[in-house]
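These notes are about the structure you will find just below.
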Amino acid sequence: MIVFGWGSEAKVLGSVGCAQCPNCANEATWQVLESSRRASLYFVPVAKWNRRYFVACPICHYGAELKDREHAESVLAEGRRRSLDRRQVTN
Ligand SMILES: [Zn+2]
């Protein structure tokens, strides 16, 4: 018997710091996500395709789609830089 599965998965790549969500009005740490379709054979992933990147509110998942992995990385880097700035202000 061949065990073959497929579905979609979303992976959190990192957070971009606290922001107020324009949709649910909660203040939360927004996340950068990678979502993809995947196929697996005997529970081992064999293919991944249709990768998409998002920055989204973790509560209601309202957000924006990012262009590509590079764009996602730059949004993450910007979030890290901003949280460093904030730390300096509070010290
Ligand atoms: Zn929200």
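Every chain in the structure tokens takes a letter, A first, then B, and so on in the order presented; its residues are numbered from 1, and the ligands are numbered from 1 following the presented order.
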
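Based on only C-alpha atoms and all ligand atoms, the protein and nucleic acid residues found within 12 Å of ligand 1 are, by chain and then by number, A:Cys18, A:Ala19, A:Gln20, A:Cys21, A:Pro22, A:Asn23, A:Cys24, A:Ala25, A:Asn26, A:Glu27, A:Ala28, A:Thr29, A:Trp30, A:Gln31, A:Val55, A:Ala56, A:Cys57, A:Pro58, A:Ile59, A:Cys60, A:His61, A:Tyr62, A:Gly63, A:Ala64.
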
Using only C-alpha atoms, please write the residues we just selected to a file, as an mmCIF file, in the first residue's frame.
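Okay, out32.cif is ready:
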```
data_model
loop_
_atom_site.group_PDB
_atom_site.id
_atom_site.type_symbol
_atom_site.label_atom_id
_atom_site.label_comp_id
_atom_site.auth_asym_id
_atom_site.auth_seq_id
_atom_site.Cartn_x
_atom_site.Cartn_y
_atom_site.Cartn_z
ATOM 1 C CA CYS A 18 3.526 44.869 17.699
ATOM 2 C CA ALA A 19 0.927 46.653 15.593
ATOM 3 C CA GLN A 20 -2.724 47.497 15.909
ATOM 4 C CA CYS A 21 -4.806 45.496 13.485
ATOM 5 C CA PRO A 22 -7.095 47.608 11.257
ATOM 6 C CA ASN A 23 -9.534 44.713 11.056
ATOM 7 C CA CYS A 24 -10.032 43.396 14.617
ATOM 8 C CA ALA A 25 -8.486 46.400 16.431
ATOM 9 C CA ASN A 26 -6.381 44.156 18.649
ATOM 10 C CA GLU A 27 -2.804 45.057 19.347
ATOM 11 C CA ALA A 28 -0.761 42.001 18.514
ATOM 12 C CA THR A 29 2.589 40.819 17.253
ATOM 13 C CA TRP A 30 2.135 40.439 13.514
ATOM 14 C CA GLN A 31 3.702 37.452 11.846
ATOM 15 C CA VAL A 55 2.262 39.372 6.828
ATOM 16 C CA ALA A 56 -0.785 38.910 9.013
ATOM 17 C CA CYS A 57 -2.523 39.567 12.302
ATOM 18 C CA PRO A 58 -2.232 36.396 14.435
ATOM 19 C CA ILE A 59 -5.739 36.872 15.840
ATOM 20 C CA CYS A 60 -7.978 37.304 12.798
ATOM 21 C CA HIS A 61 -5.424 36.548 10.040
ATOM 22 C CA TYR A 62 -6.153 39.812 8.303
ATOM 23 C CA GLY A 63 -3.097 40.878 6.380
ATOM 24 C CA ALA A 64 -1.330 41.442 3.137
#
```

Next item on the list: Using DSSP on the backbone coordinates, identify the residues of region 47-84 of chain A assigned to alpha helix (DSSP H); present them as a list in words.
Entry: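 Secondary structure check on region 47-84 of chain A, alpha helix (DSSP H): Arg69, Glu70, His71, Ala72, Glu73, Ser74, Val75, Leu76, Ala77, Glu78, Gly79, Arg80, Arg81, Arg82, Ser83 and Leu84 of chain A.
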
For those residues, write C-alpha atoms to a file as a PDB file, in the first residue's frame.
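Wrote it out as result35.pdb, contents follow:
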```
ATOM      1  CA  ARG A  69      10.609  35.309  -0.139  1.00  0.00           C
ATOM      2  CA  GLU A  70      12.943  38.268  -0.546  1.00  0.00           C
ATOM      3  CA  HIS A  71      10.151  40.679   0.278  1.00  0.00           C
ATOM      4  CA  ALA A  72       9.236  38.574   3.341  1.00  0.00           C
ATOM      5  CA  GLU A  73      12.867  38.685   4.531  1.00  0.00           C
ATOM      6  CA  SER A  74      13.022  42.459   4.176  1.00  0.00           C
ATOM      7  CA  VAL A  75       9.760  42.893   6.115  1.00  0.00           C
ATOM      8  CA  LEU A  76      11.223  40.690   8.882  1.00  0.00           C
ATOM      9  CA  ALA A  77      14.479  42.656   8.921  1.00  0.00           C
ATOM     10  CA  GLU A  78      12.534  45.904   9.147  1.00  0.00           C
ATOM     11  CA  GLY A  79      10.522  44.506  12.093  1.00  0.00           C
ATOM     12  CA  ARG A  80      13.715  43.488  13.907  1.00  0.00           C
ATOM     13  CA  ARG A  81      15.231  46.916  13.351  1.00  0.00           C
ATOM     14  CA  ARG A  82      12.116  48.633  14.687  1.00  0.00           C
ATOM     15  CA  SER A  83      11.996  46.518  17.863  1.00  0.00           C
ATOM     16  CA  LEU A  84      15.663  47.378  18.485  1.00  0.00           C
TER      17      LEU A  84
END
```

Check: Which residue gives the smallest distance to Gly7 (chain A) among A:Asp68, A:Ala39, A:Tyr53, A:Asp85, with only C-alpha atoms counted?
Finding: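 Smallest distance to Gly7 (chain A) is found for A:Ala39.
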
Margin query: According to DSSP computed on the backbone, where in chain A is there strand (DSSP E)? Give the residues as a PyMOL selection string.
Written below: chain A and resi 4-20+27-41+44-56+63-66

Go ahead and save the residues from that selection, with N, CA and C atoms, as a CSV table (one decimal), in the first residue's frame.
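After the write, selection-v9.csv holds the following:
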```
chain,number,residue,atom,x,y,z
A,4,PHE,N,0.0,8.1,0.4
A,4,PHE,CA,0.3,9.4,-0.3
A,4,PHE,C,-0.7,10.4,0.3
A,5,GLY,N,-0.1,11.6,0.6
A,5,GLY,CA,-1.0,12.6,1.2
A,5,GLY,C,-0.7,14.0,0.5
A,6,TRP,N,-1.6,14.8,0.6
A,6,TRP,CA,-1.3,16.2,0.2
A,6,TRP,C,-2.2,17.2,1.0
A,7,GLY,N,-1.8,18.4,1.0
A,7,GLY,CA,-2.5,19.4,1.7
A,7,GLY,C,-1.8,20.7,1.6
A,8,SER,N,-2.1,21.6,2.6
A,8,SER,CA,-1.4,22.9,2.6
A,8,SER,C,-0.9,23.1,4.0
A,9,GLU,N,0.2,23.8,4.1
A,9,GLU,CA,0.7,24.1,5.4
A,9,GLU,C,1.1,25.6,5.4
A,10,ALA,N,1.1,26.1,6.6
A,10,ALA,CA,1.6,27.5,6.8
A,10,ALA,C,2.6,27.5,7.9
A,11,LYS,N,3.7,28.1,7.6
A,11,LYS,CA,4.9,28.1,8.5
A,11,LYS,C,5.1,29.6,9.0
A,12,VAL,N,5.3,29.8,10.3
A,12,VAL,CA,5.6,31.1,10.7
A,12,VAL,C,7.1,31.3,10.5
A,13,LEU,N,7.5,32.4,9.8
A,13,LEU,CA,8.9,32.7,9.6
A,13,LEU,C,9.5,33.6,10.6
A,14,GLY,N,8.6,34.4,11.2
A,14,GLY,CA,9.1,35.3,12.3
A,14,GLY,C,8.0,36.3,12.6
A,15,SER,N,8.3,37.2,13.5
A,15,SER,CA,7.4,38.2,13.9
A,15,SER,C,7.9,39.6,13.5
A,16,VAL,N,7.1,40.5,13.3
A,16,VAL,CA,7.5,41.9,12.8
A,16,VAL,C,7.2,42.9,13.9
A,17,GLY,N,6.9,42.5,15.1
A,17,GLY,CA,6.6,43.5,16.1
A,17,GLY,C,5.2,43.8,16.3
A,18,CYS,N,4.9,44.6,17.3
A,18,CYS,CA,3.5,44.9,17.7
A,18,CYS,C,2.9,45.9,16.8
A,19,ALA,N,1.7,45.7,16.4
A,19,ALA,CA,0.9,46.7,15.6
A,19,ALA,C,-0.6,46.5,15.9
A,20,GLN,N,-1.3,47.6,15.7
A,20,GLN,CA,-2.7,47.5,15.9
A,20,GLN,C,-3.4,47.1,14.6
A,27,GLU,N,-4.2,44.8,19.5
A,27,GLU,CA,-2.8,45.1,19.3
A,27,GLU,C,-2.1,43.7,19.5
A,28,ALA,N,-1.4,43.3,18.5
A,28,ALA,CA,-0.8,42.0,18.5
A,28,ALA,C,0.6,42.0,17.8
A,29,THR,N,1.3,41.0,18.0
A,29,THR,CA,2.6,40.8,17.3
A,29,THR,C,2.3,40.2,15.9
A,30,TRP,N,2.4,40.9,14.8
A,30,TRP,CA,2.1,40.4,13.5
A,30,TRP,C,3.2,39.5,13.1
A,31,GLN,N,2.8,38.5,12.3
A,31,GLN,CA,3.7,37.5,11.8
A,31,GLN,C,3.9,37.4,10.3
A,32,VAL,N,5.0,37.0,9.9
A,32,VAL,CA,5.3,36.7,8.5
A,32,VAL,C,5.1,35.2,8.3
A,33,LEU,N,4.3,34.8,7.4
A,33,LEU,CA,4.0,33.4,7.2
A,33,LEU,C,4.3,32.9,5.8
A,34,GLU,N,4.7,31.7,5.7
A,34,GLU,CA,4.9,31.1,4.3
A,34,GLU,C,3.9,30.0,4.2
A,35,SER,N,3.0,30.1,3.2
A,35,SER,CA,2.1,29.0,3.0
A,35,SER,C,2.4,28.3,1.7
A,36,SER,N,2.2,27.0,1.7
A,36,SER,CA,2.5,26.3,0.5
A,36,SER,C,1.6,25.0,0.4
A,37,ARG,N,1.5,24.5,-0.8
A,37,ARG,CA,0.9,23.3,-1.0
A,37,ARG,C,2.0,22.2,-0.9
A,38,ARG,N,1.6,21.0,-0.4
A,38,ARG,CA,2.7,20.0,-0.3
A,38,ARG,C,2.1,18.6,-0.6
A,39,ALA,N,2.9,17.8,-1.0
A,39,ALA,CA,2.6,16.4,-1.2
A,39,ALA,C,3.6,15.6,-0.4
A,40,SER,N,3.1,14.5,0.2
A,40,SER,CA,4.0,13.6,0.9
A,40,SER,C,3.8,12.2,0.6
A,41,LEU,N,4.8,11.4,0.8
A,41,LEU,CA,4.8,10.0,0.5
A,41,LEU,C,5.3,9.3,1.8
A,44,VAL,N,6.6,11.6,4.4
A,44,VAL,CA,7.8,12.4,4.1
A,44,VAL,C,7.4,13.3,3.0
A,45,PRO,N,7.6,14.6,3.2
A,45,PRO,CA,7.3,15.6,2.2
A,45,PRO,C,8.1,15.4,0.9
A,46,VAL,N,7.5,15.3,-0.2
A,46,VAL,CA,8.3,15.1,-1.5
A,46,VAL,C,8.2,16.3,-2.4
A,47,ALA,N,7.2,17.1,-2.2
A,47,ALA,CA,7.1,18.2,-3.1
A,47,ALA,C,6.4,19.4,-2.4
A,48,LYS,N,6.8,20.6,-2.8
A,48,LYS,CA,6.2,21.8,-2.2
A,48,LYS,C,6.1,22.7,-3.4
A,49,TRP,N,4.9,23.4,-3.5
A,49,TRP,CA,4.8,24.3,-4.6
A,49,TRP,C,3.8,25.4,-4.2
A,50,ASN,N,3.7,26.3,-5.1
A,50,ASN,CA,2.7,27.4,-4.8
A,50,ASN,C,3.0,28.1,-3.5
A,51,ARG,N,4.3,28.4,-3.3
A,51,ARG,CA,4.6,29.1,-2.0
A,51,ARG,C,4.2,30.6,-2.1
A,52,ARG,N,3.6,31.0,-1.0
A,52,ARG,CA,3.1,32.4,-0.9
A,52,ARG,C,3.5,32.9,0.5
A,53,TYR,N,3.7,34.2,0.5
A,53,TYR,CA,4.2,34.8,1.7
A,53,TYR,C,3.2,35.9,2.2
A,54,PHE,N,2.9,36.0,3.5
A,54,PHE,CA,2.0,36.9,4.0
A,54,PHE,C,2.5,37.6,5.2
A,55,VAL,N,2.1,38.8,5.5
A,55,VAL,CA,2.3,39.4,6.8
A,55,VAL,C,0.8,39.5,7.4
A,56,ALA,N,0.6,39.0,8.6
A,56,ALA,CA,-0.8,38.9,9.0
A,56,ALA,C,-0.9,39.0,10.5
A,63,GLY,N,-4.5,40.5,6.7
A,63,GLY,CA,-3.1,40.9,6.4
A,63,GLY,C,-2.9,41.1,4.9
A,64,ALA,N,-1.7,41.1,4.5
A,64,ALA,CA,-1.3,41.4,3.1
A,64,ALA,C,-0.4,40.4,2.6
A,65,GLU,N,-0.6,40.1,1.3
A,65,GLU,CA,0.3,39.2,0.7
A,65,GLU,C,1.6,39.9,0.2
A,66,LEU,N,2.7,39.2,0.5
A,66,LEU,CA,4.0,39.7,0.1
A,66,LEU,C,4.4,39.2,-1.3
```
